[in-house]
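Enquirer: Sharing upload-v6.txt here; it has compact mmCIF, C-alpha atoms.
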```txt
# COMPACT_ATOMS: atom_id res chain seq x y z
CA MET Q 1002 -174.80 -50.22 -45.18
CA LEU Q 1003 -178.29 -49.44 -46.46
CA ILE Q 1004 -181.10 -50.36 -44.08
CA HIS Q 1005 -184.38 -50.46 -45.99
CA ASN Q 1006 -188.00 -51.49 -45.54
CA ALA Q 1007 -188.02 -49.89 -42.08
CA ASN Q 1008 -190.42 -47.88 -39.94
CA LEU Q 1009 -188.24 -45.24 -38.33
CA ILE Q 1010 -188.64 -43.70 -34.88
CA THR Q 1011 -186.24 -40.78 -35.08
CA TRP Q 1012 -186.40 -39.20 -31.59
CA GLY Q 1013 -184.32 -35.98 -31.70
CA ALA Q 1014 -185.59 -32.42 -31.48
CA GLU Q 1015 -188.57 -33.24 -33.69
CA ASN Q 1016 -189.53 -36.86 -33.21
CA ARG Q 1017 -190.95 -38.41 -36.35
CA ILE Q 1018 -192.32 -41.84 -37.24
CA LEU Q 1019 -191.48 -42.55 -40.89
CA HIS Q 1020 -192.92 -45.58 -42.67
CA GLY Q 1021 -191.12 -47.28 -45.56
CA TYR Q 1022 -187.88 -45.38 -45.08
CA SER Q 1023 -184.22 -46.26 -45.52
CA ILE Q 1024 -181.07 -45.26 -43.63
CA TYR Q 1025 -177.69 -45.11 -45.33
CA ILE Q 1026 -174.72 -45.54 -42.97
CA LYS Q 1027 -171.21 -44.49 -43.93
CA GLY Q 1028 -168.45 -45.21 -41.44
CA ASP Q 1029 -169.83 -44.82 -37.93
CA LYS Q 1030 -172.49 -42.20 -38.76
CA ILE Q 1031 -175.84 -41.86 -40.50
CA ALA Q 1032 -175.20 -40.31 -43.92
CA ASP Q 1033 -178.69 -40.20 -45.43
CA ILE Q 1034 -182.36 -40.82 -44.61
CA ALA Q 1035 -185.12 -40.93 -47.22
CA PRO Q 1036 -187.97 -43.08 -48.56
CA ASP Q 1037 -186.89 -46.53 -49.78
CA PRO Q 1038 -186.95 -45.84 -53.55
CA GLU Q 1039 -184.82 -42.70 -53.23
CA LEU Q 1040 -181.96 -44.28 -51.31
CA ALA Q 1041 -182.05 -47.43 -53.44
CA LYS Q 1042 -181.29 -45.22 -56.46
CA ARG Q 1043 -178.64 -43.15 -54.68
CA TYR Q 1044 -176.66 -46.07 -53.27
CA PRO Q 1045 -177.09 -49.03 -55.63
CA ASN Q 1046 -173.85 -50.70 -54.49
CA ALA Q 1047 -174.42 -50.47 -50.73
CA THR Q 1048 -174.70 -53.58 -48.59
CA ARG Q 1049 -178.45 -53.92 -48.08
CA VAL Q 1050 -180.08 -54.89 -44.78
CA ASP Q 1051 -183.81 -55.61 -44.92
CA ALA Q 1052 -185.54 -54.43 -41.73
CA ARG Q 1053 -188.63 -56.41 -42.76
CA GLY Q 1054 -190.99 -53.66 -41.64
CA GLN Q 1055 -189.64 -53.55 -38.09
CA PHE Q 1056 -189.27 -50.32 -36.14
CA VAL Q 1057 -185.74 -48.98 -36.39
CA MET Q 1058 -184.83 -46.50 -33.69
CA PRO Q 1059 -181.82 -45.20 -31.74
CA GLY Q 1060 -180.22 -47.53 -29.20
CA ASN Q 1061 -180.88 -46.92 -25.52
CA ILE Q 1062 -178.48 -45.13 -23.16
CA CYS Q 1063 -177.78 -46.03 -19.53
CA GLY Q 1064 -176.70 -43.05 -17.43
CA HIS Q 1065 -175.28 -44.99 -14.45
CA THR Q 1066 -174.39 -48.66 -14.05
CA HIS Q 1067 -171.98 -51.10 -12.37
CA PHE Q 1068 -170.67 -53.94 -14.53
CA TYR Q 1069 -168.72 -55.34 -11.57
CA GLY Q 1070 -171.93 -56.19 -9.71
CA ALA Q 1071 -172.89 -58.94 -12.15
CA PHE Q 1072 -171.67 -61.72 -9.87
CA SER Q 1073 -174.14 -60.72 -7.15
CA ARG Q 1074 -176.96 -62.41 -9.09
CA GLY Q 1075 -178.37 -65.26 -6.97
CA MET Q 1076 -175.70 -64.88 -4.28
CA GLY Q 1077 -176.77 -65.43 -0.68
CA ILE Q 1078 -175.61 -63.02 2.02
CA PRO Q 1079 -174.42 -64.94 5.13
CA GLY Q 1080 -176.28 -64.29 8.37
CA GLU Q 1081 -179.24 -62.01 8.95
CA ALA Q 1082 -180.62 -60.13 5.96
CA PRO Q 1083 -179.42 -56.49 5.85
CA LYS Q 1084 -181.93 -54.24 7.58
CA ASP Q 1085 -180.96 -50.97 5.87
CA PHE Q 1086 -178.78 -49.46 3.17
CA PRO Q 1087 -175.56 -49.17 5.24
CA GLN Q 1088 -175.83 -52.89 6.03
CA ILE Q 1089 -176.39 -53.70 2.35
CA LEU Q 1090 -173.17 -51.86 1.54
CA ASP Q 1091 -171.24 -53.43 4.39
CA LYS Q 1092 -172.48 -57.01 4.09
CA LEU Q 1093 -172.83 -57.30 0.30
CA TRP Q 1094 -171.07 -54.78 -1.89
CA TRP Q 1095 -167.93 -54.01 0.08
CA ASN Q 1096 -167.11 -57.69 0.38
CA LEU Q 1097 -168.07 -58.57 -3.17
CA ASP Q 1098 -166.01 -55.84 -4.80
CA LYS Q 1099 -163.01 -56.80 -2.62
CA ALA Q 1100 -163.33 -60.43 -3.78
CA LEU Q 1101 -162.96 -59.52 -7.47
CA ASN Q 1102 -159.74 -60.31 -9.32
CA GLU Q 1103 -158.73 -59.54 -12.89
CA ASP Q 1104 -160.61 -62.50 -14.39
CA ASP Q 1105 -163.73 -61.54 -12.44
CA VAL Q 1106 -163.57 -57.96 -13.67
CA ARG Q 1107 -163.32 -59.17 -17.26
CA SER Q 1108 -166.08 -61.78 -16.92
CA SER Q 1109 -168.50 -59.51 -15.09
CA ALA Q 1110 -168.05 -56.82 -17.74
CA LEU Q 1111 -168.59 -59.26 -20.60
CA VAL Q 1112 -171.81 -60.74 -19.20
CA CYS Q 1113 -173.21 -57.23 -18.77
CA LEU Q 1114 -172.20 -56.33 -22.32
CA VAL Q 1115 -173.93 -59.42 -23.70
CA ASP Q 1116 -177.01 -58.27 -21.80
CA ALA Q 1117 -176.67 -54.74 -23.20
CA ILE Q 1118 -176.39 -55.84 -26.83
CA LYS Q 1119 -179.28 -58.29 -26.55
CA HIS Q 1120 -181.47 -55.66 -24.96
CA GLY Q 1121 -180.65 -52.67 -27.10
CA THR Q 1122 -178.52 -50.59 -24.72
CA THR Q 1123 -175.78 -49.17 -26.90
CA THR Q 1124 -174.17 -46.53 -24.64
CA LEU Q 1125 -173.36 -47.07 -20.95
CA ILE Q 1126 -171.78 -44.93 -18.22
CA ASP Q 1127 -170.09 -47.38 -15.85
CA HIS Q 1128 -168.77 -46.95 -12.30
CA HIS Q 1129 -166.22 -49.63 -11.37
CA ALA Q 1130 -164.78 -50.96 -8.07
CA SER Q 1131 -162.34 -53.82 -7.39
CA PRO Q 1132 -160.04 -52.85 -4.48
CA SER Q 1133 -157.95 -56.04 -4.81
CA PHE Q 1134 -157.29 -55.29 -8.49
CA ILE Q 1135 -157.09 -51.58 -9.24
CA ASP Q 1136 -154.11 -50.88 -11.50
CA GLY Q 1137 -155.19 -51.57 -15.06
CA SER Q 1138 -158.72 -52.57 -14.06
CA LEU Q 1139 -160.28 -49.96 -16.35
CA ASP Q 1140 -158.17 -51.26 -19.25
CA VAL Q 1141 -159.65 -54.73 -18.67
CA VAL Q 1142 -163.18 -53.32 -18.73
CA ALA Q 1143 -162.31 -51.20 -21.77
CA ASP Q 1144 -160.99 -54.24 -23.65
CA ALA Q 1145 -164.32 -55.98 -23.01
CA VAL Q 1146 -166.24 -52.92 -24.21
CA ASP Q 1147 -164.09 -52.70 -27.32
CA LYS Q 1148 -164.57 -56.39 -28.09
CA ALA Q 1149 -168.33 -56.10 -27.62
CA GLY Q 1150 -168.52 -53.02 -29.83
CA VAL Q 1151 -170.73 -50.83 -27.61
CA ARG Q 1152 -170.00 -47.30 -26.42
CA ALA Q 1153 -169.02 -46.72 -22.76
CA SER Q 1154 -167.59 -44.19 -20.34
CA LEU Q 1155 -165.62 -45.77 -17.48
CA CYS Q 1156 -164.29 -44.65 -14.11
CA TYR Q 1157 -162.90 -46.16 -10.90
CA GLU Q 1158 -164.66 -45.72 -7.54
CA VAL Q 1159 -162.31 -43.90 -5.13
CA SER Q 1160 -163.04 -44.53 -1.44
CA ASP Q 1161 -161.31 -44.31 1.94
CA ARG Q 1162 -162.86 -47.54 3.19
CA ASP Q 1163 -159.81 -49.69 2.36
CA GLY Q 1164 -157.11 -47.26 3.47
CA GLU Q 1165 -154.99 -44.50 1.97
CA GLU Q 1166 -152.90 -46.68 -0.35
CA VAL Q 1167 -156.00 -48.14 -2.02
CA MET Q 1168 -157.56 -44.68 -2.24
CA ARG Q 1169 -154.51 -43.25 -3.99
CA ALA Q 1170 -154.37 -46.22 -6.37
CA GLY Q 1171 -157.98 -45.48 -7.36
CA VAL Q 1172 -157.12 -41.85 -8.04
CA ARG Q 1173 -154.17 -42.90 -10.21
CA GLU Q 1174 -156.34 -45.33 -12.17
CA ASN Q 1175 -158.92 -42.63 -12.93
CA VAL Q 1176 -156.29 -40.15 -14.06
CA ARG Q 1177 -154.34 -42.71 -16.11
CA PHE Q 1178 -157.39 -44.06 -17.93
CA PHE Q 1179 -158.85 -40.62 -18.65
CA GLU Q 1180 -155.54 -39.47 -20.11
CA ARG Q 1181 -155.31 -42.69 -22.15
CA THR Q 1182 -158.74 -42.19 -23.72
CA GLN Q 1183 -158.01 -38.52 -24.43
CA ALA Q 1184 -154.74 -39.40 -26.15
CA GLU Q 1185 -156.25 -42.23 -28.19
CA GLY Q 1186 -159.41 -40.41 -29.21
CA HIS Q 1187 -161.30 -43.69 -29.24
CA ALA Q 1188 -164.77 -43.15 -30.72
CA ARG Q 1189 -166.47 -45.60 -28.32
CA LEU Q 1190 -164.44 -45.27 -25.10
CA ALA Q 1191 -164.23 -42.39 -22.65
CA GLY Q 1192 -163.24 -41.83 -19.03
CA SER Q 1193 -164.29 -39.79 -16.03
CA PHE Q 1194 -163.24 -39.63 -12.33
CA GLY Q 1195 -165.16 -41.99 -10.05
CA LEU Q 1196 -165.85 -41.40 -6.37
CA HIS Q 1197 -167.89 -43.71 -4.14
CA ALA Q 1198 -169.94 -41.40 -1.92
CA SER Q 1199 -169.56 -38.65 0.62
CA LEU Q 1200 -169.90 -41.15 3.47
CA THR Q 1201 -166.66 -42.98 2.50
CA LEU Q 1202 -164.62 -39.90 1.58
CA SER Q 1203 -162.77 -37.68 4.05
CA GLU Q 1204 -162.21 -33.96 3.72
CA SER Q 1205 -158.57 -34.52 2.75
CA THR Q 1206 -159.48 -37.16 0.15
CA LEU Q 1207 -162.07 -34.94 -1.50
CA GLU Q 1208 -159.49 -32.17 -1.68
CA PHE Q 1209 -156.88 -34.57 -3.08
CA CYS Q 1210 -159.30 -35.80 -5.74
CA ARG Q 1211 -160.18 -32.25 -6.76
CA GLU Q 1212 -156.48 -31.41 -7.09
CA SER Q 1213 -155.91 -34.59 -9.13
CA LEU Q 1214 -158.80 -34.08 -11.56
CA PRO Q 1215 -157.45 -33.92 -15.14
CA SER Q 1216 -158.46 -30.95 -17.25
CA GLY Q 1217 -161.64 -31.72 -19.17
CA SER Q 1218 -162.87 -34.42 -16.81
CA GLY Q 1219 -165.67 -34.47 -14.26
CA PHE Q 1220 -166.64 -36.60 -11.27
CA HIS Q 1221 -169.10 -39.50 -11.06
CA ILE Q 1222 -170.29 -40.00 -7.46
CA HIS Q 1223 -173.22 -41.47 -5.53
CA ALA Q 1224 -174.88 -38.59 -3.68
CA ALA Q 1225 -177.53 -38.66 -0.94
CA GLU Q 1226 -178.61 -42.17 -1.97
CA GLY Q 1227 -179.43 -43.06 1.64
CA LEU Q 1228 -180.07 -41.02 4.78
CA ALA Q 1229 -176.80 -42.34 6.20
CA ASP Q 1230 -174.96 -40.24 3.60
CA GLN Q 1231 -176.54 -37.06 4.99
CA ASP Q 1232 -175.95 -38.08 8.61
CA ASP Q 1233 -172.28 -38.80 7.88
CA SER Q 1234 -171.76 -35.56 5.96
CA LEU Q 1235 -173.27 -33.46 8.73
CA ALA Q 1236 -171.13 -35.23 11.34
CA LYS Q 1237 -167.93 -34.79 9.30
CA SER Q 1238 -168.36 -31.28 8.01
CA GLY Q 1239 -171.50 -29.69 9.38
CA LEU Q 1240 -172.75 -29.56 5.79
CA ARG Q 1241 -175.30 -31.58 3.85
CA VAL Q 1242 -173.95 -33.82 1.10
CA ILE Q 1243 -174.48 -31.53 -1.90
CA ASP Q 1244 -173.19 -28.49 0.02
CA ARG Q 1245 -170.10 -30.50 1.00
CA LEU Q 1246 -169.45 -31.64 -2.56
CA GLU Q 1247 -169.85 -28.07 -3.82
CA LYS Q 1248 -167.37 -26.84 -1.20
CA HIS Q 1249 -164.77 -29.28 -2.54
CA GLY Q 1250 -165.37 -28.48 -6.21
CA ILE Q 1251 -166.83 -31.90 -7.04
CA LEU Q 1252 -169.94 -30.59 -8.78
CA GLY Q 1253 -170.17 -29.12 -12.28
CA PRO Q 1254 -171.52 -29.62 -15.81
CA LYS Q 1255 -169.32 -32.68 -16.43
CA SER Q 1256 -170.08 -34.31 -13.07
CA ILE Q 1257 -172.77 -36.89 -12.25
CA ALA Q 1258 -174.45 -37.13 -8.83
CA ALA Q 1259 -176.15 -40.51 -8.98
CA HIS Q 1260 -179.48 -40.90 -7.10
CA ALA Q 1261 -179.88 -37.56 -5.22
CA ILE Q 1262 -182.78 -38.93 -3.19
CA HIS Q 1263 -182.41 -37.18 0.17
CA VAL Q 1264 -181.80 -33.63 -1.01
CA ASP Q 1265 -183.45 -30.48 0.29
CA ALA Q 1266 -184.48 -27.35 -1.60
CA ARG Q 1267 -181.10 -25.66 -1.20
CA GLU Q 1268 -179.23 -28.73 -2.43
CA ILE Q 1269 -181.50 -28.92 -5.47
CA GLN Q 1270 -180.70 -25.28 -6.23
CA ILE Q 1271 -176.96 -25.98 -5.93
CA LEU Q 1272 -177.26 -28.87 -8.37
CA ALA Q 1273 -179.08 -26.60 -10.81
CA ASP Q 1274 -176.70 -23.65 -10.37
CA THR Q 1275 -173.60 -25.81 -10.92
CA GLY Q 1276 -175.07 -27.63 -13.92
CA THR Q 1277 -174.43 -30.98 -12.23
CA TRP Q 1278 -176.09 -34.06 -13.69
CA VAL Q 1279 -178.31 -36.34 -11.61
CA THR Q 1280 -179.24 -39.87 -12.62
CA HIS Q 1281 -182.35 -41.69 -11.45
CA GLN Q 1282 -182.26 -45.48 -10.80
CA PRO Q 1283 -185.78 -46.45 -9.68
CA ARG Q 1284 -185.38 -50.26 -9.64
CA SER Q 1285 -182.28 -50.02 -7.44
CA ASN Q 1286 -183.88 -47.46 -5.15
CA MET Q 1287 -186.88 -49.72 -4.57
CA ASN Q 1288 -184.64 -52.74 -4.03
CA ASN Q 1289 -182.52 -50.94 -1.43
CA ALA Q 1290 -185.58 -49.25 0.15
CA VAL Q 1291 -183.73 -45.93 0.21
CA GLY Q 1292 -186.61 -43.72 -0.86
CA VAL Q 1293 -187.77 -41.93 -4.00
CA SER Q 1294 -185.76 -39.22 -5.71
CA PRO Q 1295 -187.73 -35.95 -6.14
CA VAL Q 1296 -187.18 -36.13 -9.90
CA GLU Q 1297 -190.02 -33.80 -10.86
CA SER Q 1298 -188.87 -31.17 -8.36
CA LEU Q 1299 -185.30 -31.49 -9.65
CA LEU Q 1300 -186.48 -30.97 -13.21
CA ARG Q 1301 -188.64 -27.98 -12.27
CA ALA Q 1302 -185.61 -26.38 -10.61
CA GLY Q 1303 -183.57 -26.81 -13.79
CA VAL Q 1304 -181.51 -29.83 -12.74
CA LYS Q 1305 -180.52 -32.12 -15.59
CA VAL Q 1306 -181.77 -35.62 -14.72
CA GLY Q 1307 -180.97 -38.77 -16.70
CA LEU Q 1308 -181.91 -42.42 -16.28
CA GLY Q 1309 -179.60 -45.26 -15.21
CA ASN Q 1310 -179.94 -48.80 -13.89
CA ASP Q 1311 -177.32 -48.99 -11.07
CA GLY Q 1312 -176.19 -52.44 -12.25
CA PHE Q 1313 -179.62 -53.95 -12.78
CA SER Q 1314 -180.14 -55.67 -16.15
CA ASN Q 1315 -179.49 -53.47 -19.17
CA THR Q 1316 -183.16 -53.47 -20.08
CA MET Q 1317 -183.70 -49.74 -20.05
CA TRP Q 1318 -187.37 -49.94 -20.98
CA ASP Q 1319 -187.83 -51.75 -17.64
CA GLU Q 1320 -186.27 -48.69 -16.01
CA TRP Q 1321 -188.78 -46.50 -17.89
CA LYS Q 1322 -191.62 -48.59 -16.50
CA ALA Q 1323 -190.25 -48.57 -12.95
CA ALA Q 1324 -189.89 -44.78 -12.98
CA TYR Q 1325 -193.38 -44.34 -14.41
CA LEU Q 1326 -194.99 -46.53 -11.73
CA LEU Q 1327 -192.85 -45.77 -8.66
CA HIS Q 1328 -193.62 -42.06 -8.50
CA LYS Q 1329 -197.35 -42.63 -8.94
CA SER Q 1330 -197.40 -45.18 -6.14
CA ALA Q 1331 -195.15 -43.22 -3.78
CA ASN Q 1332 -197.17 -40.03 -4.20
CA GLY Q 1333 -200.61 -41.61 -4.37
CA ASP Q 1334 -201.25 -39.65 -7.55
CA PRO Q 1335 -201.57 -41.20 -11.05
CA ARG Q 1336 -200.66 -37.85 -12.62
CA ARG Q 1337 -197.09 -37.99 -11.34
CA MET Q 1338 -194.14 -38.90 -13.60
CA GLY Q 1339 -196.01 -38.90 -16.89
CA GLY Q 1340 -194.79 -40.64 -20.00
CA TYR Q 1341 -193.34 -37.47 -21.49
CA THR Q 1342 -191.27 -36.90 -18.34
CA VAL Q 1343 -189.88 -40.45 -18.45
CA LYS Q 1344 -189.02 -39.91 -22.11
CA GLU Q 1345 -187.28 -36.65 -21.23
CA LEU Q 1346 -185.01 -38.48 -18.80
CA ALA Q 1347 -184.32 -41.51 -20.98
CA ILE Q 1348 -184.03 -39.86 -24.40
CA GLU Q 1349 -183.25 -36.12 -24.42
CA ASN Q 1350 -181.37 -35.94 -21.12
CA ASN Q 1351 -179.48 -39.21 -21.49
CA ALA Q 1352 -178.42 -38.15 -24.99
CA ALA Q 1353 -177.11 -34.83 -23.67
CA LEU Q 1354 -175.32 -36.59 -20.81
CA ALA Q 1355 -173.67 -39.08 -23.16
CA LYS Q 1356 -172.62 -36.21 -25.45
CA ILE Q 1357 -170.24 -35.05 -22.68
CA PHE Q 1358 -168.23 -38.20 -23.24
CA PHE Q 1359 -168.84 -38.64 -26.98
CA PRO Q 1360 -169.07 -35.10 -28.38
CA ASP Q 1361 -168.29 -35.84 -32.04
CA ALA Q 1362 -171.87 -36.54 -33.12
CA PRO Q 1363 -175.43 -36.66 -31.75
CA LEU Q 1364 -176.63 -39.76 -29.92
CA ALA Q 1365 -180.14 -41.18 -29.41
CA GLU Q 1366 -181.52 -39.77 -32.63
CA LEU Q 1367 -181.86 -40.76 -36.26
CA SER Q 1368 -180.54 -37.79 -38.18
CA VAL Q 1369 -177.89 -37.17 -40.80
CA GLY Q 1370 -174.55 -36.88 -39.01
CA ALA Q 1371 -175.63 -38.73 -35.87
CA PHE Q 1372 -173.79 -41.80 -34.62
CA ALA Q 1373 -175.22 -44.92 -36.26
CA ASP Q 1374 -176.31 -46.58 -32.99
CA LEU Q 1375 -179.55 -48.36 -33.90
CA ILE Q 1376 -181.85 -51.15 -32.82
CA PHE Q 1377 -184.55 -53.06 -34.72
CA VAL Q 1378 -187.73 -53.69 -32.72
CA ASP Q 1379 -190.22 -56.36 -33.84
CA TYR Q 1380 -193.30 -54.62 -32.43
CA HIS Q 1381 -196.75 -54.96 -33.95
CA PRO Q 1382 -199.07 -52.35 -32.42
CA PHE Q 1383 -202.77 -53.19 -32.39
CA THR Q 1384 -203.73 -49.59 -31.65
CA ASP Q 1385 -202.56 -46.41 -33.35
CA LEU Q 1386 -198.91 -45.55 -32.69
CA ASN Q 1387 -197.93 -41.93 -33.27
CA THR Q 1388 -195.45 -39.39 -31.98
CA GLY Q 1389 -197.91 -38.24 -29.31
CA ASN Q 1390 -198.57 -41.61 -27.73
CA LEU Q 1391 -195.22 -43.32 -28.40
CA PRO Q 1392 -194.01 -43.12 -24.76
CA TRP Q 1393 -197.07 -45.10 -23.65
CA HIS Q 1394 -196.48 -47.75 -26.32
CA ILE Q 1395 -192.97 -48.13 -24.91
CA LEU Q 1396 -194.27 -48.23 -21.33
CA PHE Q 1397 -197.08 -50.69 -21.97
CA GLY Q 1398 -196.18 -52.45 -25.22
CA PHE Q 1399 -192.46 -52.59 -25.93
CA ASN Q 1400 -190.25 -55.16 -24.24
CA GLU Q 1401 -186.64 -56.14 -24.72
CA SER Q 1402 -187.44 -59.54 -26.24
CA MET Q 1403 -188.67 -57.65 -29.30
CA ILE Q 1404 -185.16 -56.34 -30.10
CA THR Q 1405 -183.75 -58.36 -32.99
CA THR Q 1406 -180.77 -56.33 -34.22
CA THR Q 1407 -178.28 -53.99 -32.54
CA ILE Q 1408 -175.86 -51.71 -34.40
CA VAL Q 1409 -173.27 -49.38 -32.84
CA GLY Q 1410 -171.14 -46.99 -34.85
CA GLY Q 1411 -172.27 -48.66 -38.05
CA GLU Q 1412 -171.10 -52.10 -36.86
CA MET Q 1413 -173.66 -54.85 -36.50
CA LEU Q 1414 -173.33 -56.41 -33.03
CA MET Q 1415 -176.45 -58.57 -33.21
CA LYS Q 1416 -178.49 -59.58 -36.25
CA ASP Q 1417 -181.80 -61.42 -36.03
CA ARG Q 1418 -181.06 -62.13 -32.34
CA GLU Q 1419 -177.66 -63.72 -33.11
CA LEU Q 1420 -174.73 -62.07 -31.33
CA LEU Q 1421 -171.90 -61.34 -33.75
CA THR Q 1422 -169.12 -59.89 -31.58
CA LEU Q 1423 -169.50 -61.93 -28.39
CA ASP Q 1424 -169.96 -65.66 -27.72
CA GLU Q 1425 -172.66 -65.71 -25.04
CA GLU Q 1426 -172.32 -69.42 -24.25
CA GLU Q 1427 -168.55 -69.22 -23.79
CA ILE Q 1428 -168.79 -66.02 -21.74
CA ALA Q 1429 -171.48 -67.49 -19.47
CA ALA Q 1430 -169.46 -70.69 -18.94
CA LYS Q 1431 -166.33 -68.77 -17.96
CA ALA Q 1432 -168.37 -66.48 -15.71
CA ARG Q 1433 -169.94 -69.45 -13.90
CA GLU Q 1434 -166.48 -70.84 -13.21
CA ALA Q 1435 -165.05 -67.48 -12.12
CA SER Q 1436 -168.06 -66.51 -10.00
CA ALA Q 1437 -167.89 -69.76 -8.01
CA GLN Q 1438 -164.41 -68.79 -6.84
CA THR Q 1439 -165.51 -65.19 -6.27
CA TRP Q 1440 -168.32 -66.37 -4.02
CA LYS Q 1441 -165.87 -68.43 -1.94
CA ARG Q 1442 -163.62 -65.40 -1.47
CA TYR Q 1443 -166.67 -63.29 -0.68
CA GLU Q 1444 -167.84 -65.75 2.00
CA ASP Q 1445 -164.39 -65.73 3.59
CA LEU Q 1446 -164.46 -61.92 3.72
CA ALA Q 1447 -168.05 -61.80 4.97
```
Will you turn the file into structure tokens for me?
Expert:
Amino acid sequence: MLIHNANLITWGAENRILHGYSIYIKGDKIADIAPDPELAKRYPNATRVDARGQFVMPGNICGHTHFYGAFSRGMGIPGEAPKDFPQILDKLWWNLDKALNEDDVRSSALVCLVDAIKHGTTTLIDHHASPSFIDGSLDVVADAVDKAGVRASLCYEVSDRDGEEVMRAGVRENVRFFERTQAEGHARLAGSFGLHASLTLSESTLEFCRESLPSGSGFHIHAAEGLADQDDSLAKSGLRVIDRLEKHGILGPKSIAAHAIHVDAREIQILADTGTWVTHQPRSNMNNAVGVSPVESLLRAGVKVGLGNDGFSNTMWDEWKAAYLLHKSANGDPRRMGGYTVKELAIENNAALAKIFFPDAPLAELSVGAFADLIFVDYHPFTDLNTGNLPWHILFGFNESMITTTIVGGEMLMKDRELLTLDEEEIAAKAREASAQTWKRYEDLA
């Protein structure tokens, strides 16, 4: 494939904006980048794709999401509205995930993947839960990912909240799926070991999970998302959440601690010392009223912080904008969370995080040898756009409706806003039918 007549945004170590350039893709990687006339001569027989002067740039990465939460959209919670985060978990999520069956898991994954392709999110790190359907649940999600054509790392959320048998089934599912992906060497699928949060995991379960962790894997856990997580950890162990997770060997350079909102200075140092990843989900944090993660302090201490969406729509530029605005508002200081910092989370750090799961080539950059995960953006700036001010064009100019084409691993998933691997109308119709039954089961549980 030869993409020509493009304006490239390369990202990478040295971000460049290149006008009138072409990209030659061979297999699933970028094989050449040069001005249009040069590549036209080098590859005269390549299939040509005219970018029509659009910006061509790397696809977006989501560092933490939940496909299974798709059926919560528009759903009413019976009774009084939840007053705090523990009630949100108890009244919404722990009944919804229990109501999911195999068809629901498939449908909820597919609707999120339609959303991802349409909105330029090409790599996702998912965290799944369906206590009534555990065995093989990650295979169902993986089949949806494979059909869609995106890149994803999957895990199952282990918890004690539904009893020991369910907990052990979750552990088995994590181990089985990780070993499957390792054996297959699938270029677009990977696994990790999911844990819910410290507040739903006992001392013995944490120890069991650490003993069960396959070689080469890491954990993906919610950590200090709400104050209740700290209160519970102190009551159970006399330790704060991050200290407790370190004690049980949960932290490390292949592990993700999602949120990390209510962490103190010592916990931040532990996260830095262990090389543990943190992901920031500002839209979710505002929605749940759980507080604001000290992202800038984490970064200053050397903690690696990426950007996720926690199951919100896969419109990662919206997550950029939320992060940019939230920290200014919360701190009463317009200098906080500048555009370069947001870019660091969303581009450099998310690329490095995704590389843990997909180490064969660089992600989130246009360079020779990188994975050919690209999006076309129909953006017409009316002020100068350059490498220095690009983050602010994304924050105040770009939006997901401008994405016209999505390519992952050299395969075109959407062209000129037409989905090529998924049938959105059919998927939405099946999801509406499935979700109606899910809501009935949810109401019975609630």
Enquirer: Quote the spacing between CA of Ala1071 (chain Q) and CA of Asp1161 (chain Q) in Å to one decimal place.
Expert: 23.4 Å
Enquirer: As an exercise, work out the distance from CA of Val1296 (chain Q) to CA of Ile1262 (chain Q) in Å and give it to one decimal place.
Expert: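 These atoms are spaced 8.5 Å apart.
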Enquirer: In terms of the shortest atom-to-atom distance over all atoms listed in the file, which of Q:Asn1008, Q:Ser1108, Q:Thr1048, Q:Gln1231 is closest to Lys1431 (chain Q)?
Expert: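 Checking each candidate against Lys1431 (chain Q), we get Q:Ser1108 as the closest.
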Enquirer: Using all atoms listed in the file, find the one residue out of Q:Pro1045, Q:Gly1150, Q:Gly1312, Q:Gly1077 that sits nearest to Ala1447 (chain Q).
Expert: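 Checking each of Q:Pro1045, Q:Gly1150, Q:Gly1312, Q:Gly1077 against Ala1447 (chain Q), counting all atoms listed in the file, the winner is Q:Gly1077.
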Enquirer: Could you check the closest approach to Arg1053 (chain Q) for each of Q:Leu1190, Q:Asn1351, Q:Ile1271, Q:Thr1405 and tell me which residue wins, using all atoms listed in the file?
Expert: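 Of Q:Leu1190, Q:Asn1351, Q:Ile1271, Q:Thr1405, the one nearest Arg1053 (chain Q), counting all atoms listed in the file, is Q:Thr1405.
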Enquirer: Which residues are near Ala1007 (chain Q)? Cut-off 10 Å, only C-alpha atoms, ignore same chain within fewer than 3 positions. Put them as a list in words.
Expert: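 Non-adjacent residues within range: Ile1004, Ile1010, Leu1019, His1020, Gly1021, Tyr1022, Ser1023, Ile1024, Pro1036, Asp1037, Val1050, Asp1051, Ala1052, Arg1053, Gly1054, Gln1055, Phe1056, Val1057, Met1058 and Phe1377 of chain Q.
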Enquirer: Based on the selection just made, write C-alpha atoms of those residues as a compact mmCIF listing (two decimals), keeping the file's coordinate frame.
Expert:
```txt
# COMPACT_ATOMS: atom_id res chain seq x y z
CA ILE Q 1004 -181.10 -50.36 -44.08
CA ILE Q 1010 -188.64 -43.70 -34.88
CA LEU Q 1019 -191.48 -42.55 -40.89
CA HIS Q 1020 -192.92 -45.58 -42.67
CA GLY Q 1021 -191.12 -47.28 -45.56
CA TYR Q 1022 -187.88 -45.38 -45.08
CA SER Q 1023 -184.22 -46.26 -45.52
CA ILE Q 1024 -181.07 -45.26 -43.63
CA PRO Q 1036 -187.97 -43.08 -48.56
CA ASP Q 1037 -186.89 -46.53 -49.78
CA VAL Q 1050 -180.08 -54.89 -44.78
CA ASP Q 1051 -183.81 -55.61 -44.92
CA ALA Q 1052 -185.54 -54.43 -41.73
CA ARG Q 1053 -188.63 -56.41 -42.76
CA GLY Q 1054 -190.99 -53.66 -41.64
CA GLN Q 1055 -189.64 -53.55 -38.09
CA PHE Q 1056 -189.27 -50.32 -36.14
CA VAL Q 1057 -185.74 -48.98 -36.39
CA MET Q 1058 -184.83 -46.50 -33.69
CA PHE Q 1377 -184.55 -53.06 -34.72
```
